[in-house]
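First up is the structure itself, then whatever we jot down about it.
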Amino acid sequence: MDQSAIITGGTGGMGLATAAILGRDHRILLADLDDARLADAVDRLAALGVEADGAVCDITDRGSVDAAFARAQTSGRLRAVVHTAGVSPLMGDAEKIVRINALGTVHVTEAALSVAAPGSALVNVSSIAGHLLPSFLRPVPAFRWATTDPERMGSALTRIATLAPGRGAPGAAYSLSKAFVIWYSEYMAAAFGEKDARVLSVSPGSFDTEMGRLEKKSGSERMVGLAALKRFGTPEEIAELLSFCASEKPGYLTGTDILCDGGNKAGLTLAGMLSMARRG
């Protein structure tokens, strides 16, 4: 193969399912934190006939991200990047969530832009949580610091999240960071467009992945009950969308977000939101 693709968070449900599809015509580099999980994921892909390798990568460290991108380019033109790495509200405090979800997205996006060429595509994974944050609560001035001072942006989002009442800071950080991913992917479209390349975001709803199952504790099952499709999505379903967006087929698709939530947002009325809040 003369082209490669990077999938961050590549050992997770979405990442691995996406690798199985993109691997049909790309050599895959899975980027993740756990070496043992990477080795297992590479073996599972090999059993499917997918040529893949793994790289330990900390997306909060720009040097680590650059090293992974350099490694991917040794096996062919790096044409596609699917950035699925992230953490949920139950996986850390506000600072950790912002650093991984927001600052990590800046690092991956900047690295992708540095090697972008005609036909390249970056797909950043956001969340329905980014859509549910009211527009008046989105700190766009702080978002803009991502282009000049990403650390300042991260500190600002963390500070804002900690203003949430009670123990709501991690949830607030998650919503803020995912709203940032949507905004940033749209904002960066012009820079990618100058290289005849694309960037967009995809916002999943509730999916049956390891992280998705963890979030059942914080109400995701109740969210599913309010959706048009009253079930969790499968990793294979979201992978089809992610791999299509990263392919060369939708060549005019950029600077936007695609919400894939089983009709959750469409069915989430004010009454439903209040009902969920009352149930805690």
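Residue names in the structure tokens use chain letters A, B, ... in the order shown, residue numbers from 1 in each chain, and ligand numbers from 1 in the order shown.
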Polymer residues at most 12 Å from A:Gly54, only C-alpha atoms, same-chain spacing of 5 or more positions, as an mmCIF file with N, CA and C atoms, in the first residue's frame:
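Result saved to around-v8.cif:
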```cif
data_model
loop_
_atom_site.group_PDB
_atom_site.id
_atom_site.type_symbol
_atom_site.label_atom_id
_atom_site.label_comp_id
_atom_site.auth_asym_id
_atom_site.auth_seq_id
_atom_site.Cartn_x
_atom_site.Cartn_y
_atom_site.Cartn_z
ATOM 1 N N ALA A 5 -2.836 5.571 7.316
ATOM 2 C CA ALA A 5 -3.808 6.308 8.130
ATOM 3 C C ALA A 5 -3.442 6.132 9.592
ATOM 4 N N ILE A 6 -3.616 7.192 10.374
ATOM 5 C CA ILE A 6 -3.439 7.139 11.816
ATOM 6 C C ILE A 6 -4.817 7.135 12.470
ATOM 7 N N ILE A 7 -4.972 6.282 13.462
ATOM 8 C CA ILE A 7 -6.186 6.298 14.267
ATOM 9 C C ILE A 7 -5.767 6.430 15.715
ATOM 10 N N THR A 8 -6.053 7.583 16.315
ATOM 11 C CA THR A 8 -5.756 7.763 17.730
ATOM 12 C C THR A 8 -6.843 7.077 18.553
ATOM 13 N N GLY A 9 -6.476 6.653 19.770
ATOM 14 C CA GLY A 9 -7.431 5.860 20.532
ATOM 15 C C GLY A 9 -7.746 4.571 19.799
ATOM 16 N N GLY A 10 -6.736 4.071 19.056
ATOM 17 C CA GLY A 10 -6.973 2.983 18.123
ATOM 18 C C GLY A 10 -7.295 1.644 18.728
ATOM 19 N N THR A 11 -7.086 1.473 20.041
ATOM 20 C CA THR A 11 -7.420 0.192 20.668
ATOM 21 C C THR A 11 -8.844 0.166 21.210
ATOM 22 N N LEU A 16 -10.808 0.769 16.730
ATOM 23 C CA LEU A 16 -10.464 -0.524 16.149
ATOM 24 C C LEU A 16 -11.421 -0.890 15.015
ATOM 25 N N ALA A 19 -10.414 1.123 12.049
ATOM 26 C CA ALA A 19 -9.185 0.591 11.461
ATOM 27 C C ALA A 19 -9.482 -0.591 10.547
ATOM 28 N N ARG A 27 -2.410 1.374 5.060
ATOM 29 C CA ARG A 27 -1.660 0.766 6.154
ATOM 30 C C ARG A 27 -2.014 1.581 7.397
ATOM 31 N N ILE A 28 -2.339 0.906 8.482
ATOM 32 C CA ILE A 28 -2.863 1.564 9.669
ATOM 33 C C ILE A 28 -1.787 1.703 10.749
ATOM 34 N N LEU A 29 -1.733 2.889 11.352
ATOM 35 C CA LEU A 29 -0.962 3.071 12.581
ATOM 36 C C LEU A 29 -1.948 3.382 13.693
ATOM 37 N N LEU A 30 -2.034 2.478 14.669
ATOM 38 C CA LEU A 30 -2.864 2.709 15.839
ATOM 39 C C LEU A 30 -2.042 3.466 16.874
ATOM 40 N N ALA A 31 -2.547 4.581 17.355
ATOM 41 C CA ALA A 31 -1.862 5.379 18.376
ATOM 42 C C ALA A 31 -2.677 5.314 19.656
ATOM 43 N N ASP A 32 -2.033 4.866 20.730
ATOM 44 C CA ASP A 32 -2.729 4.751 22.009
ATOM 45 C C ASP A 32 -1.691 4.719 23.124
ATOM 46 N N LEU A 33 -2.152 4.700 24.367
ATOM 47 C CA LEU A 33 -1.238 4.792 25.499
ATOM 48 C C LEU A 33 -0.685 3.460 25.984
ATOM 49 N N ASP A 34 -1.423 2.378 25.782
ATOM 50 C CA ASP A 34 -1.082 1.093 26.379
ATOM 51 C C ASP A 34 -0.443 0.169 25.356
ATOM 52 N N ASP A 35 0.819 -0.185 25.581
ATOM 53 C CA ASP A 35 1.560 -1.012 24.638
ATOM 54 C C ASP A 35 0.947 -2.400 24.492
ATOM 55 N N ALA A 36 0.497 -2.986 25.601
ATOM 56 C CA ALA A 36 -0.088 -4.324 25.545
ATOM 57 C C ALA A 36 -1.395 -4.318 24.750
ATOM 58 N N ARG A 37 -2.212 -3.311 24.971
ATOM 59 C CA ARG A 37 -3.468 -3.205 24.209
ATOM 60 C C ARG A 37 -3.188 -2.973 22.730
ATOM 61 N N LEU A 38 -2.147 -2.207 22.442
ATOM 62 C CA LEU A 38 -1.777 -1.979 21.044
ATOM 63 C C LEU A 38 -1.374 -3.281 20.371
ATOM 64 N N ALA A 39 -0.560 -4.065 21.042
ATOM 65 C CA ALA A 39 -0.114 -5.334 20.464
ATOM 66 C C ALA A 39 -1.298 -6.250 20.187
ATOM 67 N N ASP A 40 -2.243 -6.299 21.122
ATOM 68 C CA ASP A 40 -3.439 -7.129 20.936
ATOM 69 C C ASP A 40 -4.277 -6.625 19.764
ATOM 70 N N ALA A 41 -4.429 -5.301 19.667
ATOM 71 C CA ALA A 41 -5.229 -4.722 18.581
ATOM 72 C C ALA A 41 -4.594 -5.001 17.218
ATOM 73 N N VAL A 42 -3.275 -4.880 17.139
ATOM 74 C CA VAL A 42 -2.575 -5.155 15.885
ATOM 75 C C VAL A 42 -2.772 -6.613 15.480
ATOM 76 N N ASP A 43 -2.710 -7.516 16.442
ATOM 77 C CA ASP A 43 -2.934 -8.936 16.154
ATOM 78 C C ASP A 43 -4.357 -9.185 15.663
ATOM 79 N N ARG A 44 -5.322 -8.527 16.271
ATOM 80 C CA ARG A 44 -6.720 -8.704 15.862
ATOM 81 C C ARG A 44 -6.939 -8.192 14.441
ATOM 82 N N LEU A 45 -6.301 -7.089 14.107
ATOM 83 C CA LEU A 45 -6.415 -6.573 12.744
ATOM 84 C C LEU A 45 -5.716 -7.488 11.741
ATOM 85 N N ALA A 46 -4.566 -8.027 12.135
ATOM 86 C CA ALA A 46 -3.845 -8.945 11.249
ATOM 87 C C ALA A 46 -4.711 -10.151 10.907
ATOM 88 N N ALA A 68 4.525 9.965 16.418
ATOM 89 C CA ALA A 68 3.597 9.010 15.820
ATOM 90 C C ALA A 68 3.336 9.344 14.352
ATOM 91 N N PHE A 69 3.190 10.625 14.054
ATOM 92 C CA PHE A 69 2.950 11.028 12.675
ATOM 93 C C PHE A 69 4.160 10.716 11.805
ATOM 94 N N ARG A 71 6.285 8.338 12.278
ATOM 95 C CA ARG A 71 6.325 6.884 12.104
ATOM 96 C C ARG A 71 5.336 6.437 11.039
ATOM 97 N N ALA A 72 4.150 7.026 11.023
ATOM 98 C CA ALA A 72 3.142 6.647 10.029
ATOM 99 C C ALA A 72 3.616 6.938 8.620
#
```
Distance query A:Pro141 at most 12 Å, only C-alpha atoms, self and fewer than 4 positions along chain excluded, as a list in words: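 Counting only the stated atoms, we get Phe136, Leu137, Trp145, Ala146, Thr147, Thr148, Arg152, Met153, Ala156, Leu157, Phe180, Trp183 and Tyr184 of chain A.
Put simply, atom CA of A:Gln3 is 26.7 Å away from atom CA of A:Tyr187.
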Counting only C-alpha atoms, the residue of A:Ala94, A:Ile21, A:Val56, A:Ala121 that sits nearest A:Leu78: A:Ala121
Distance query A:Leu176 at most 9 Å, only C-alpha atoms, self and fewer than 3 positions along chain excluded, as an NGL selection string: :A and (98 or 102 or 129-130 or 133 or 137-139 or 157-158 or 160-161 or 171-173 or 179-181)
Dump as a compact mmCIF listing (two decimals), in the first residue's frame, selection limited to all heavy atoms:
```txt
# COMPACT_ATOMS: atom_id res chain seq x y z
N VAL A 98 -10.05 18.18 30.02
CA VAL A 98 -9.75 19.27 29.08
C VAL A 98 -8.44 19.02 28.35
O VAL A 98 -8.34 19.22 27.13
CB VAL A 98 -9.74 20.63 29.81
CG1 VAL A 98 -9.14 21.72 28.93
CG2 VAL A 98 -11.15 21.02 30.25
N ALA A 102 -9.50 18.49 24.62
CA ALA A 102 -9.33 19.76 23.91
C ALA A 102 -7.89 19.97 23.45
O ALA A 102 -7.62 20.10 22.26
CB ALA A 102 -9.80 20.92 24.79
N ALA A 129 -22.64 15.63 23.54
CA ALA A 129 -22.52 16.58 24.65
C ALA A 129 -22.12 17.97 24.16
O ALA A 129 -22.52 18.98 24.74
CB ALA A 129 -21.51 16.09 25.68
N GLY A 130 -21.35 18.02 23.08
CA GLY A 130 -20.96 19.31 22.53
C GLY A 130 -22.13 20.06 21.92
O GLY A 130 -22.14 21.29 21.87
N LEU A 133 -24.63 21.57 24.88
CA LEU A 133 -24.21 22.76 25.62
C LEU A 133 -24.82 23.99 24.95
O LEU A 133 -24.57 24.25 23.77
CB LEU A 133 -22.68 22.87 25.61
CG LEU A 133 -22.08 24.02 26.44
CD1 LEU A 133 -22.27 23.74 27.93
CD2 LEU A 133 -20.61 24.19 26.12
N LEU A 137 -23.40 29.40 26.56
CA LEU A 137 -22.42 28.90 27.52
C LEU A 137 -21.11 28.48 26.86
O LEU A 137 -20.19 28.03 27.55
CB LEU A 137 -23.00 27.70 28.29
CG LEU A 137 -24.15 28.01 29.26
CD1 LEU A 137 -24.62 26.72 29.92
CD2 LEU A 137 -23.71 29.02 30.33
N ARG A 138 -21.01 28.64 25.55
CA ARG A 138 -19.78 28.26 24.85
C ARG A 138 -18.80 29.43 24.88
O ARG A 138 -19.06 30.49 24.30
CB ARG A 138 -20.10 27.88 23.41
CG ARG A 138 -20.99 26.66 23.30
CD ARG A 138 -21.47 26.40 21.89
NE ARG A 138 -22.56 25.44 21.90
CZ ARG A 138 -23.38 25.23 20.87
NH1 ARG A 138 -23.23 25.93 19.75
NH2 ARG A 138 -24.35 24.33 20.97
N PRO A 139 -17.68 29.26 25.55
CA PRO A 139 -16.71 30.36 25.69
C PRO A 139 -15.82 30.51 24.46
O PRO A 139 -14.63 30.19 24.49
CB PRO A 139 -15.92 29.94 26.92
CG PRO A 139 -15.90 28.45 26.85
CD PRO A 139 -17.25 28.05 26.28
N LEU A 157 -10.56 26.78 29.99
CA LEU A 157 -11.68 25.84 29.99
C LEU A 157 -11.77 25.09 31.32
O LEU A 157 -12.87 24.84 31.83
CB LEU A 157 -11.55 24.85 28.83
CG LEU A 157 -11.64 25.42 27.41
CD1 LEU A 157 -11.73 24.30 26.39
CD2 LEU A 157 -12.81 26.38 27.26
N THR A 158 -10.62 24.73 31.87
CA THR A 158 -10.62 24.06 33.17
C THR A 158 -11.20 24.97 34.25
O THR A 158 -12.02 24.54 35.07
CB THR A 158 -9.20 23.64 33.55
OG1 THR A 158 -8.68 22.75 32.57
CG2 THR A 158 -9.18 22.95 34.92
N ILE A 160 -13.30 27.45 33.87
CA ILE A 160 -14.74 27.61 33.66
C ILE A 160 -15.49 26.38 34.15
O ILE A 160 -16.54 26.47 34.80
CB ILE A 160 -15.03 27.87 32.16
CG1 ILE A 160 -14.45 29.22 31.74
CG2 ILE A 160 -16.53 27.82 31.88
CD1 ILE A 160 -14.43 29.44 30.25
N ALA A 161 -14.94 25.19 33.87
CA ALA A 161 -15.60 23.95 34.26
C ALA A 161 -15.73 23.83 35.77
O ALA A 161 -16.73 23.32 36.28
CB ALA A 161 -14.84 22.75 33.71
N GLY A 171 -18.22 16.78 34.27
CA GLY A 171 -19.24 16.82 33.22
C GLY A 171 -19.20 18.11 32.44
O GLY A 171 -19.34 18.11 31.21
N ALA A 172 -19.00 19.22 33.15
CA ALA A 172 -18.89 20.52 32.48
C ALA A 172 -17.66 20.55 31.59
O ALA A 172 -17.71 21.06 30.46
CB ALA A 172 -18.84 21.63 33.51
N ALA A 173 -16.55 20.00 32.07
CA ALA A 173 -15.31 19.96 31.28
C ALA A 173 -15.51 19.13 30.01
O ALA A 173 -15.01 19.48 28.94
CB ALA A 173 -14.17 19.39 32.11
N ALA A 179 -17.59 20.66 22.81
CA ALA A 179 -18.05 21.82 22.04
C ALA A 179 -16.86 22.49 21.36
O ALA A 179 -16.96 22.97 20.22
CB ALA A 179 -18.77 22.82 22.96
N PHE A 180 -15.73 22.50 22.04
CA PHE A 180 -14.51 23.05 21.44
C PHE A 180 -14.10 22.26 20.20
O PHE A 180 -13.72 22.84 19.18
CB PHE A 180 -13.36 23.04 22.45
CG PHE A 180 -12.03 23.30 21.82
CD1 PHE A 180 -11.66 24.59 21.46
CD2 PHE A 180 -11.16 22.25 21.54
CE1 PHE A 180 -10.44 24.83 20.82
CE2 PHE A 180 -9.94 22.48 20.91
CZ PHE A 180 -9.58 23.78 20.56
N VAL A 181 -14.16 20.93 20.27
CA VAL A 181 -13.77 20.11 19.12
C VAL A 181 -14.60 20.46 17.90
O VAL A 181 -14.08 20.58 16.78
CB VAL A 181 -13.91 18.61 19.46
CG1 VAL A 181 -13.67 17.75 18.21
CG2 VAL A 181 -12.91 18.21 20.55
```
Atom CA of A:Ala169 to atom CA of A:Asp58, distance in Å rounded to a single decimal: 23.2 Å
Spatial neighbours of A:Ser185, max dist 10 Å, only C-alpha atoms, sep filter under 2 positions, as a list in words: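 Final neighbour list, sorted by chain and number: Thr105, Val106, Thr109, Leu122, Val123, Asn124, Val125, Ser126, Phe180, Val181, Ile182, Trp183, Tyr187, Met188, Ala189, Ala190, Phe192, Arg198, Val199, Leu200, Ser201, Val202, Thr254, Gly255, Thr256 and Asp257 of chain A.
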Neighbour list for stretch 221-235 of chain A as a VMD selection string, cut-off 7 Å, only C-alpha atoms, skip fewer than 6 positions in-chain: chain A and resid 13 to 14 17 206 to 209 262 to 264 267 to 268
Can you tell me, as a tab-separated table (two decimals) with N, CA and C atoms, in the first residue's frame, which residues in stretch 5-101 of chain A count as strand (DSSP E) by DSSP?
```
chain	number	residue	atom	x	y	z
A	5	ALA	N	-2.84	5.57	7.32
A	5	ALA	CA	-3.81	6.31	8.13
A	5	ALA	C	-3.44	6.13	9.59
A	6	ILE	N	-3.62	7.19	10.37
A	6	ILE	CA	-3.44	7.14	11.82
A	6	ILE	C	-4.82	7.14	12.47
A	7	ILE	N	-4.97	6.28	13.46
A	7	ILE	CA	-6.19	6.30	14.27
A	7	ILE	C	-5.77	6.43	15.71
A	8	THR	N	-6.05	7.58	16.32
A	8	THR	CA	-5.76	7.76	17.73
A	8	THR	C	-6.84	7.08	18.55
A	27	ARG	N	-2.41	1.37	5.06
A	27	ARG	CA	-1.66	0.77	6.15
A	27	ARG	C	-2.01	1.58	7.40
A	28	ILE	N	-2.34	0.91	8.48
A	28	ILE	CA	-2.86	1.56	9.67
A	28	ILE	C	-1.79	1.70	10.75
A	29	LEU	N	-1.73	2.89	11.35
A	29	LEU	CA	-0.96	3.07	12.58
A	29	LEU	C	-1.95	3.38	13.69
A	30	LEU	N	-2.03	2.48	14.67
A	30	LEU	CA	-2.86	2.71	15.84
A	30	LEU	C	-2.04	3.47	16.87
A	31	ALA	N	-2.55	4.58	17.35
A	31	ALA	CA	-1.86	5.38	18.38
A	31	ALA	C	-2.68	5.31	19.66
A	32	ASP	N	-2.03	4.87	20.73
A	32	ASP	CA	-2.73	4.75	22.01
A	32	ASP	C	-1.69	4.72	23.12
A	52	ALA	N	-1.20	-3.42	9.95
A	52	ALA	CA	-1.24	-2.38	10.98
A	52	ALA	C	-0.02	-2.46	11.88
A	53	ASP	N	0.24	-1.35	12.53
A	53	ASP	CA	1.31	-1.25	13.51
A	53	ASP	C	0.78	-0.40	14.66
A	54	GLY	N	1.45	-0.44	15.79
A	54	GLY	CA	1.03	0.35	16.95
A	54	GLY	C	2.11	1.29	17.42
A	55	ALA	N	1.71	2.42	17.95
A	55	ALA	CA	2.66	3.40	18.50
A	55	ALA	C	2.11	3.95	19.80
A	56	VAL	N	2.90	3.83	20.87
A	56	VAL	CA	2.50	4.45	22.12
A	56	VAL	C	2.54	5.96	21.94
A	77	ARG	N	2.38	7.51	2.14
A	77	ARG	CA	1.80	8.83	2.32
A	77	ARG	C	0.71	8.79	3.39
A	78	LEU	N	0.83	9.68	4.38
A	78	LEU	CA	-0.19	9.76	5.43
A	78	LEU	C	-1.38	10.54	4.87
A	79	ARG	N	-2.43	9.83	4.50
A	79	ARG	CA	-3.57	10.47	3.85
A	79	ARG	C	-4.72	10.76	4.79
A	80	ALA	N	-4.91	9.91	5.82
A	80	ALA	CA	-6.09	10.07	6.67
A	80	ALA	C	-5.73	9.98	8.14
A	81	VAL	N	-6.42	10.78	8.95
A	81	VAL	CA	-6.27	10.74	10.40
A	81	VAL	C	-7.68	10.71	11.00
A	82	VAL	N	-7.93	9.74	11.86
A	82	VAL	CA	-9.19	9.68	12.59
A	82	VAL	C	-8.84	9.76	14.07
A	83	HIS	N	-9.27	10.86	14.69
A	83	HIS	CA	-8.88	11.16	16.07
A	83	HIS	C	-10.01	10.79	17.01
```
Expected answer as a ChimeraX atom specification: alpha helix (DSSP H) residues in stretch 80-227 of chain A: /A:94-98,104-115,128-132,140-144,150-161,169-187,189-193,210-214,220-225
Long-range neighbours of A:Asp93 as a list in words, 8 Å cut-off, only C-alpha atoms, 4 positions minimum in chain: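 Close residues of A:Asp93: Pro89, Ile97, Ala169 and Pro170 of chain A.
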Write the residues of the selection above to a file with C-alpha atoms, as a PDB file, in the first residue's frame.
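So out20.pdb came out as:
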```
ATOM      1  CA  PRO A  89     -16.617  12.547  32.751  1.00  0.00           C
ATOM      2  CA  ILE A  97     -10.572  15.884  30.615  1.00  0.00           C
ATOM      3  CA  ALA A 169     -16.878  19.956  37.054  1.00  0.00           C
ATOM      4  CA  PRO A 170     -15.934  16.792  35.088  1.00  0.00           C
TER       5      PRO A 170
END
```
Polymer residues at most 12 Å from A:Arg62, only C-alpha atoms, same-chain spacing of 4 or more positions, as a VMD selection string: chain A and resid 57 to 58 66 to 69 99 to 100 103 to 112 150 to 151
Atoms kept (C-alpha atoms) for selection, written as a CSV table (one decimal), in the first residue's frame:
```
chain,number,residue,atom,x,y,z
A,57,CYS,CA,1.3,8.1,21.9
A,58,ASP,CA,0.3,10.6,24.5
A,66,ASP,CA,4.7,14.3,16.1
A,67,ALA,CA,6.7,11.1,16.6
A,68,ALA,CA,3.6,9.0,15.8
A,69,PHE,CA,3.0,11.0,12.7
A,99,ARG,CA,-6.1,18.4,28.4
A,100,ILE,CA,-7.0,15.1,26.7
A,103,LEU,CA,-5.6,20.2,24.0
A,104,GLY,CA,-5.0,16.8,22.6
A,105,THR,CA,-7.3,17.7,19.6
A,106,VAL,CA,-5.2,20.8,19.0
A,107,HIS,CA,-2.0,18.7,18.9
A,108,VAL,CA,-3.4,16.1,16.5
A,109,THR,CA,-5.0,18.8,14.3
A,110,GLU,CA,-1.8,20.8,14.1
A,111,ALA,CA,0.2,17.7,13.3
A,112,ALA,CA,-2.2,16.7,10.6
A,150,PRO,CA,-3.2,26.3,23.5
A,151,GLU,CA,-2.1,26.0,27.1
```
Point-to-point distance from atom CA of A:Glu240 to atom CA of A:Leu48, Å rounded to tenths: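 Separation between atom CA of A:Glu240 and atom CA of A:Leu48: 16.3 Å.
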